[in-house]
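**Student:** Mind looking over this structure? Questions follow.
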Protein chains: 4
Amino acid sequence: MIIVMKPASSSKELEHVIKTIHKQGFKPHVSKGEETTIIGVIGDERKLDPVPFQLLPGVDRVIPVLKPFKLASRDFKRDDTVIKVNGIPIGGGHFTVIAGPCAVESLEQVMETAKKIKGAGAVILRGGAYKPRTSPYSFQGLGPAGLKILAEAKKRTGLAIITEVMSEMDLPLVAETSDILQIGARNMQNFALLDAAGKQKKPILLKRGLSSTIEEFLLSAEYILSRGNYQVILCERGIRTFEKSTRNTLDISAVPVIKKQSHLPVILDPSHAAGYQEYVSDLAYASAAVGADGIMIEVHPHPEKAFCDGQESLTPEQFKTMMIKIKSLVKVMGKRLNKVS
Amino acid sequence: MIIVMKPASSSKELEHVIKTIHKQGFKPHVSKGEETTIIGVIGDERKLDPVPFQLLPGVDRVIPVLKPFKLASRDFKRDDTVIKVNGIPIGGGHFTVIAGPCAVESLEQVMETAKKIKGAGAVILRGGAYKPRTSPYSFQGLGPAGLKILAEAKKRTGLAIITEVMSEMDLPLVAETSDILQIGARNMQNFALLDAAGKQKKPILLKRGLSSTIEEFLLSAEYILSRGNYQVILCERGIRTFEKSTRNTLDISAVPVIKKQSHLPVILDPSHAAGYQEYVSDLAYASAAVGADGIMIEVHPHPEKAFCDGQESLTPEQFKTMMIKIKSLVKVMGKRLNKVS
Amino acid sequence: MIIVMKPASSSKELEHVIKTIHKQGFKPHVSKGEETTIIGVIGDERKLDPVPFQLLPGVDRVIPVLKPFKLASRDFKRDDTVIKVNGIPIGGGHFTVIAGPCAVESLEQVMETAKKIKGAGAVILRGGAYKPRTSPYSFQGLGPAGLKILAEAKKRTGLAIITEVMSEMDLPLVAETSDILQIGARNMQNFALLDAAGKQKKPILLKRGLSSTIEEFLLSAEYILSRGNYQVILCERGIRTFEKSTRNTLDISAVPVIKKQSHLPVILDPSHAAGYQEYVSDLAYASAAVGADGIMIEVHPHPEKAFCDGQESLTPEQFKTMMIKIKSLVKVMGKRLNKVS
Amino acid sequence: MIIVMKPASSSKELEHVIKTIHKQGFKPHVSKGEETTIIGVIGDERKLDPVPFQLLPGVDRVIPVLKPFKLASRDFKRDDTVIKVNGIPIGGGHFTVIAGPCAVESLEQVMETAKKIKGAGAVILRGGAYKPRTSPYSFQGLGPAGLKILAEAKKRTGLAIITEVMSEMDLPLVAETSDILQIGARNMQNFALLDAAGKQKKPILLKRGLSSTIEEFLLSAEYILSRGNYQVILCERGIRTFEKSTRNTLDISAVPVIKKQSHLPVILDPSHAAGYQEYVSDLAYASAAVGADGIMIEVHPHPEKAFCDGQESLTPEQFKTMMIKIKSLVKVMGKRLNKVS
């Protein structure tokens with residue numbers, strides 16, 4: 001931690017700051033400059049609260065030096081984390097394609113989608129049984145009946161399942177069926193849910209909040225890791241900006257930024273970022289090229305009849321066409337595409 | 001709902017759109033322009049899903065005409081909603097001052113604050129027993145023990161209590177103590193929590209999400225209203241923008257915008273918006289002048305020792321000084337300041 | 001300047017950084033912490049380029065300590081700058097009301113507006129002769145003919161004039177007529193124009209760019225000051241955010257933030273921030289209460305016939321009503337309202 | 001244009017709106033719905049001003065139907081525009097790599113860079129002679145001397161030249177040397193400069209403003225096109241968001257969005273978006289995969305000694321490594337890489 005004194009601060013104020021540092025069991029290191037004095041505070045910064053110093057007379061600013069997360073950081077763990085789901089390695093040089101409808105609507109709809117995405121190269125089936133919807137009047141998901149449909153689809157196709165959990169009360173039931181539990185963007189800082197997700201054993205796919213910084217995103221992952229669950233997959237799905245020609249703005253730079261700071265796998269969700277079907281494939285190609293560990297794509301056999309997000313869903317045919325280029329791109333980028341045996 | 005056809009769409013495509021409108025039980029009204037054709041869809045729009053139309057061949061765009069919320073709208077209820085809390089009217093020409101520490105730390109801290117803010121003119125005491133924190137390593141609140149301290153403070157001072165609830169599991173316990181339940185910015189779209197809040201009877205103070213539009217904010221209020229709880233107070237607390245010299249950017253325009261669209265009371269939280277104590281009073285003055293129904297201010301007897309948000313807390317003395325100008329401003333703006341008898 | 005070394009950096013790398021600091025004529029001050037080493041660099045930081053250090057092996061981050069602007073800062077000049085325009089003091093406890101149409105359309109339109117705003121309490125007349133328009137097909141202003149109309153209005157009413165200059169080529173002509181030269185938001189970083197504005201003597205009203213930070217805003221003011229023109233009035237007019245229910249988001253916190261950092265006067269433009277006439281007065285009240293040195297309001301005798309920005313213009317009657325409350329608010333806030341004798 | 005009436009509007013108000021439409025020479029087309037009435041306005045919308053209608057009593061909203069730009073739109077010109085620069089086709093299936101230093105510093109620096117980027121596959125040399133800098137105290141470019149260096153580099157290497165023009169006064173001189181004139185992000189809405197750029201014959205590379213919407217971006221292109229210069233290359237270089245771990249947020253979705261709406265070539269600038277050298281290559285790969293017509297990359301032989309933007313510059317070696325993957329990606333995406341013969 002670094003404390004910057006105001007140019008006009010007195011030597012008495014400086015002394016008081018130094019005394020306060022000592023009192024908290026840390027060592028001050030003073031550098032007197034021409035205009036300002038700065039103080040390096042030596043000791044384990046994570047145990048230090050910057051606020052008391054910010055409020056001392058004569059102090060201009062307090063600058064933290066260390067990243068506030070630890071278990072999620074590359075400093076803590078050099079090598080990429082690889083998470084095995086149903087035998088499929090996620091992260092560490094493998095590229096994973098997750099696909100399926102926004103919402104589980106019926107066994108027929110899910111089965112038709114599952115077979116076709118499997119044929120085209122997807123290895124994990126997505127589908128929402130519990131749906132977070134902006135309006136109380138929109139379709140809210142089939143709930144437990146939706147989970148049963150997903151379980152049946154898994155049994156028949158062998159595909160691993162990912163579905164969203166919206167509340168810590170639903171978590172045990174969802175965890176019975178789903179191979180990966182998804183925590184949605186709107187719940188990225190639902191700390192009660194993060195806490196519950198950290199205390200059970202299923203891998204978590206954590207979506208970045210609409211306006212969360214990458215640091216906050218990694219701190220939410222840290223919540224889960226610090227409770228004992230080390231299997232966290234990060235998912236960038238578009239952030240909120242002033243630009244409205246896409247539903248969200250895909251922050252594609254998040255991939256190299258997170259890769260530098262953290263060992264956790266990162267996947268991208270071009271469907272929610274784009275919001276329109278016609279842009280999804282191009283964003284998927286960019287995702288493969290930027291170095292992501294996978295993509296999650298909304299596919300629906302009849303988008304015009306979808307209960308939600310139809311406008312951003314690919315048809316199985318469009319998905320199949322997209323996968324051809326994805327395969328070439330993954331190869332050029334030196335990754336291995338996960339396949340279902 | 002309005003459907004705009006592409007300039008190059010064919011008459012066959014137009015016919016197909018018209019047929020689809022009829023099939024759903026609505027009436028189409030076609031206007032052929034020089035470059036484009038538009039179709040007005042007649043019927044109760046809230047029952048219509050725009051997506052199937054967006055995906056029909058030849059369709060350029062679908063534009064909804066009605067606001068997606070109903071119970072929260074001024075069209076539904078002309079007059080301001082006034083919510084009585086502990087005998088205090090919130091909304092409808094009354095100005096309400098809520099104050100207190102970020103977190104409940106001890107009975108002494110809460111009592112010292114409560115007495116002083118009451119003396120200066122606050123009528124409701126705030127204080128967090130459950131704290132949503134970005135980092136898992138920060139102080140997370142005293143929980144049930146914090147609620148007991150708040151109950152004791154209420155008994156001794158007669159001040160009404162507001163405290164945050166973070167999970168639908170904690171809701172029954174928090175509702176036993178607190179006169180108003182606060183749902184925080186990070187939980188504005190925690191739909192499980194909104195649902196639970198709507199099914200009980202205590203008034204809700206709903207904070208706007210960091211990057212939620214006003215329409216989404218009102219839709220989250222609609223969740224609570226539509227479940228049967230009509231007592232919702234809206235709270236703007238700063239939105240996330242590129243500007244970092246304040247913690248958030250206070251969207252002060254939200255007050256007249258919401259007042260136009262909705263009958264619900266709106267208060268402002270200058271403390272979380274500013275993030276720095278030195279800007280809080282100026283933003284509070286602006287809040288009183290813009291027409292808000294109240295303000296919520298963080299006050300701590302010893303900000304430098306606060307467990308959280310010390311840097312944005314006023315001391316009781318600063319709060320007292322601020323209240324002098326607030327009283328004059330409220331008078332100029334033609335509102336009545338709520339007082340504790 | 002502070003240099004933070006990477007946790008895994010070697011002592012050789014540290015030595016190399018230290019040597020480089022010495023080579024540039026500065027003194028290093030090393031603080032070895034438990035996990036990281038930080039180096040304070042002693043000397044006039046404004047002469048130091050942080051980039052060479054950021055790129056040295058072993059360096060994690062370089063943190064500047066000093067603000068990058070000097071002449072615009074409160075450290076350089078403690079007391080508020082007061083700018084005299086036509087005998088009217090702007091800044092330093094005086095509150096100034098500027099009003100007038102978006103664009104100069106005709107002598108009749110300008111004269112009708114000028115008389116009425118003067119009657120209601122405005123002291124400076126605004127009106128655009130050169131109009132920056134997003135579309136090439138929109139009305140672009142009357143140019144020199146518009147300047148003549150403004151000059152005539154000044155002669156007849158005695159009101160000082162402010163009008164926008166869009167190019168350094170037009171500057172000499174505009175400066176002949178206008179008492180204050182306005183540089184618009186879209187030109188805040190048009191450095192050729194800032195340069196020209198700094199080399200002449202008329203006061204400048206500099207509008208904040210749509211997505212400029214306050215630091216960048218003050219650096220653009222510094223351009224003008226550093227060229228020799230010390231008469232700069234800052235104007236916050238709304239920033240671009242995700243929220244679309246207003247044209248821009250008025251960053252009202254900018255007033256106390258700038259007041260802390262700079263001695264220059266700050267005024268607010270509620271009209272461009274709101275974008276809709278119905279919100280303008282409420283934002284003007286907030287502007288007066290937050291401590292601004294003035295407001296700039298669009299007024300048009302017939303908004304529905306305005307060549308531009310009609311939807312955000314007040315009628316003279318609405319302006320008159322607004323001014324009644326503004327006068328009371330200015331008094332409560334302890335400022336003096338400027339008046340035309 | 002569509003006019004939406006308020007639910008509570010009277011039939012008199014409706015009649016008045018209809019009369020006003022007729023008066024302006026347009027035809028109204030009324031659709032009475034259950035809750036609201038909408039009016040389609042038939043005629044050439046671009047000649048209609050929506051404001052007078054917005055201000056009529058009873059009107060809720062006015063919704064434009066047509067895009068406000070014409071010459072830049074795909075509706076106006078179906079096929080991709082291909083711009084020939086020095087014999088190199090830009091757009092229409094060709095992929096163009098532009099590279100070079102941020103600023104022209106010396107003939108040696110430019111020549112060393114030029115030779116190496118040419119060897120690695122770049123076909124156009126970039127380098128700033130006039131530099132827009134946030135601080136007045138930063139290096140502002142060599143000006144005319146820098147142009148001479150670029151001319152010399154062109155003569156010796158045969159590479160085409162692109163350099164920035166910051167003011168319409170400098171434009172004739174810059175156009176003598178440079179094959180493409182760059183208009184920077186901060187000048188995207190410097191309309192005097194756009195006007196001058198449109199009235200001369202050199203191709204323009206127009207950078208998107210930091211917080212400009214894609215519609216505003218295309219309207220700025222329309223300024224140039226409508227003045228008679230049809231050779232405009234669009235360049236997305238990152239937008240301003242809340243996320244600060246990169247200098248800007250690369251809005252990679254802008255490529256498919258613009259490709260859908262416009263026939264103009266679109267290139268990406270990963271260097272300014274990233275702001276840090278370590279992320280540039282990954283963003284360049286994403287740019288090639290998303291379907292852009294080219295990339296612009298900052299390369300400096302000694303980034304640690306660069307006069308500006310050193311922290312985001314690749315070394316010639318890093319650039320060479322990057323180009324290997326770029327070539328494979330361009331091939332996979334079905335484009336042809338431009339080469340210097």
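Ordering of the structure tokens sets the chain letters (A, B, ...), residue numbers begin anew at 1 in every chain, and ligands are numbered from 1 in the order given.
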Using only C-alpha atoms, tabulate the residues of chain A lying at most 8 Å from any atom of chain B, each with its closest atom pair and that distance in Å to one decimal, by chain and increasing residue number, as CSV.

**Tutor:**
```
residue,atom,partner,partner_atom,distance
A:Val51,CA,B:Gln311,CA,6.0
A:Pro52,CA,B:Glu304,CA,4.4
A:Phe53,CA,B:Glu304,CA,7.6
A:Gln54,CA,B:Gln311,CA,7.1
A:Leu55,CA,B:Glu304,CA,5.8
A:Leu56,CA,B:Glu304,CA,7.6
A:Pro68,CA,B:Ser135,CA,7.4
A:Phe69,CA,B:Ser135,CA,7.7
A:Pro132,CA,B:Phe191,CA,6.5
A:Arg133,CA,B:Phe191,CA,7.8
A:Thr134,CA,B:Glu216,CA,6.5
A:Ser135,CA,B:Leu219,CA,5.6
A:Pro136,CA,B:Tyr223,CA,5.2
A:Met166,CA,B:Ala192,CA,6.9
A:Ser167,CA,B:Ala192,CA,6.3
A:Met169,CA,B:Met169,CA,7.7
A:Arg186,CA,B:Gln189,CA,5.9
A:Asn187,CA,B:Asn190,CA,6.3
A:Gln189,CA,B:Arg186,CA,5.9
A:Asn190,CA,B:Asn187,CA,6.3
A:Phe191,CA,B:Pro132,CA,6.5
A:Ala192,CA,B:Ser167,CA,6.3
A:Leu210,CA,B:Ser211,CA,7.1
A:Ser211,CA,B:Ser211,CA,5.9
A:Glu216,CA,B:Thr134,CA,6.6
A:Leu219,CA,B:Ser135,CA,5.7
A:Ser220,CA,B:Thr134,CA,7.1
A:Glu222,CA,B:Pro136,CA,7.0
A:Tyr223,CA,B:Pro136,CA,5.2
A:Ser226,CA,B:Pro136,CA,7.5
A:Arg240,CA,B:Ser211,CA,7.1
A:Pro303,CA,B:Pro52,CA,7.6
A:Glu304,CA,B:Pro52,CA,4.2
A:Lys305,CA,B:Pro52,CA,6.1
A:Ala306,CA,B:Pro52,CA,8.0
A:Asp309,CA,B:Val51,CA,7.8
A:Gly310,CA,B:Val51,CA,6.3
A:Gln311,CA,B:Val51,CA,6.0
```

**Student:** Can you write out the residues you just picked, keeping C-alpha atoms, as a PDB file, in the first residue's frame?

**Tutor:**
```pdb
ATOM      1  CA  VAL A  51      -9.859   3.799   4.681  1.00  0.00           C
ATOM      2  CA  PRO A  52      -8.470   4.904   8.047  1.00  0.00           C
ATOM      3  CA  PHE A  53      -5.428   6.270   6.220  1.00  0.00           C
ATOM      4  CA  GLN A  54      -7.503   8.044   3.557  1.00  0.00           C
ATOM      5  CA  LEU A  55      -9.245   9.962   6.299  1.00  0.00           C
ATOM      6  CA  LEU A  56      -6.123  11.073   8.209  1.00  0.00           C
ATOM      7  CA  PRO A  68      -7.430  -7.972  -4.030  1.00  0.00           C
ATOM      8  CA  PHE A  69      -7.962 -11.568  -5.182  1.00  0.00           C
ATOM      9  CA  PRO A 132     -34.221 -14.652 -15.019  1.00  0.00           C
ATOM     10  CA  ARG A 133     -36.479 -12.266 -16.960  1.00  0.00           C
ATOM     11  CA  THR A 134     -36.517  -8.479 -16.881  1.00  0.00           C
ATOM     12  CA  SER A 135     -40.312  -8.390 -16.961  1.00  0.00           C
ATOM     13  CA  PRO A 136     -42.532 -10.250 -14.466  1.00  0.00           C
ATOM     14  CA  MET A 166     -31.059 -18.393  -9.669  1.00  0.00           C
ATOM     15  CA  SER A 167     -31.355 -18.911  -5.941  1.00  0.00           C
ATOM     16  CA  MET A 169     -32.800 -22.463  -2.358  1.00  0.00           C
ATOM     17  CA  ARG A 186     -27.540 -10.492 -12.984  1.00  0.00           C
ATOM     18  CA  ASN A 187     -26.494 -12.707 -10.063  1.00  0.00           C
ATOM     19  CA  GLN A 189     -22.808 -10.263  -7.120  1.00  0.00           C
ATOM     20  CA  ASN A 190     -25.600 -12.240  -5.440  1.00  0.00           C
ATOM     21  CA  PHE A 191     -23.254 -13.135  -2.623  1.00  0.00           C
ATOM     22  CA  ALA A 192     -25.657 -15.552  -0.919  1.00  0.00           C
ATOM     23  CA  LEU A 210     -23.378  -6.367 -17.239  1.00  0.00           C
ATOM     24  CA  SER A 211     -21.275  -3.600 -15.766  1.00  0.00           C
ATOM     25  CA  GLU A 216     -14.944  -7.504  -9.614  1.00  0.00           C
ATOM     26  CA  LEU A 219     -13.460 -11.283  -6.899  1.00  0.00           C
ATOM     27  CA  SER A 220     -16.805 -13.023  -7.421  1.00  0.00           C
ATOM     28  CA  GLU A 222     -12.742 -15.710  -5.469  1.00  0.00           C
ATOM     29  CA  TYR A 223     -15.907 -15.968  -3.338  1.00  0.00           C
ATOM     30  CA  SER A 226     -12.495 -19.299  -1.049  1.00  0.00           C
ATOM     31  CA  ARG A 240     -23.414  -2.576 -21.079  1.00  0.00           C
ATOM     32  CA  PRO A 303     -36.259 -19.490 -33.385  1.00  0.00           C
ATOM     33  CA  GLU A 304     -39.477 -17.740 -34.414  1.00  0.00           C
ATOM     34  CA  LYS A 305     -41.384 -19.918 -31.941  1.00  0.00           C
ATOM     35  CA  ALA A 306     -38.837 -19.724 -29.102  1.00  0.00           C
ATOM     36  CA  ASP A 309     -34.239 -14.991 -27.041  1.00  0.00           C
ATOM     37  CA  GLY A 310     -35.387 -16.305 -30.416  1.00  0.00           C
ATOM     38  CA  GLN A 311     -33.941 -13.279 -32.182  1.00  0.00           C
TER      39      GLN A 311
END
```

**Student:** Going by DSSP on the backbone, which bits of segment 85-132 of chain C are helix (DSSP H, G or I)? Write them as a PyMOL selection string, please.

**Tutor:** chain C and resi 107-120

**Student:** Looking only at the backbone, which of the residues in segment 129-221 of chain D does DSSP tag as strand (DSSP E), as a count of residues only?

**Tutor:** 13

**Student:** Find the residues near Phe95 of chain C: any atom within 10 Å, counting only C-alpha atoms, skip ones fewer than 6 places away on the same chain, and give them as JSON, numbers by chain.

**Tutor:** {"C": [89, 267, 288, 291, 292, 293, 294, 295, 326, 327, 330, 331, 334, 335, 336, 337, 338, 339]}

**Student:** Which one of B:Leu171, B:Val332, B:Ile149, B:Ile214 sits closest to Ala197 of chain B if you count only C-alpha atoms?

**Tutor:**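 Smallest distance to Ala197 of chain B is found for B:Leu171.
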
**Student:** So what do you get for atom CA of Lys148 of chain C versus atom CA of Lys115 of chain C, distance-wise?

**Tutor:**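 Separation between atom CA of Lys148 of chain C and atom CA of Lys115 of chain C: 17.2 Å.
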
**Student:** Rounded to one decimal in Å, what is the spacing between atom CA of Thr321 of chain D and atom CA of Leu107 of chain D?

**Tutor:** 24.9 Å

**Student:** Leaving out Thr177 of chain C and any residue of its chain fewer than 3 positions from it, which residues lie within 9 Å of it when counting only C-alpha atoms, given as a ChimeraX atom specification?

**Tutor:** /C:147-148,150-151,161-163,173-174
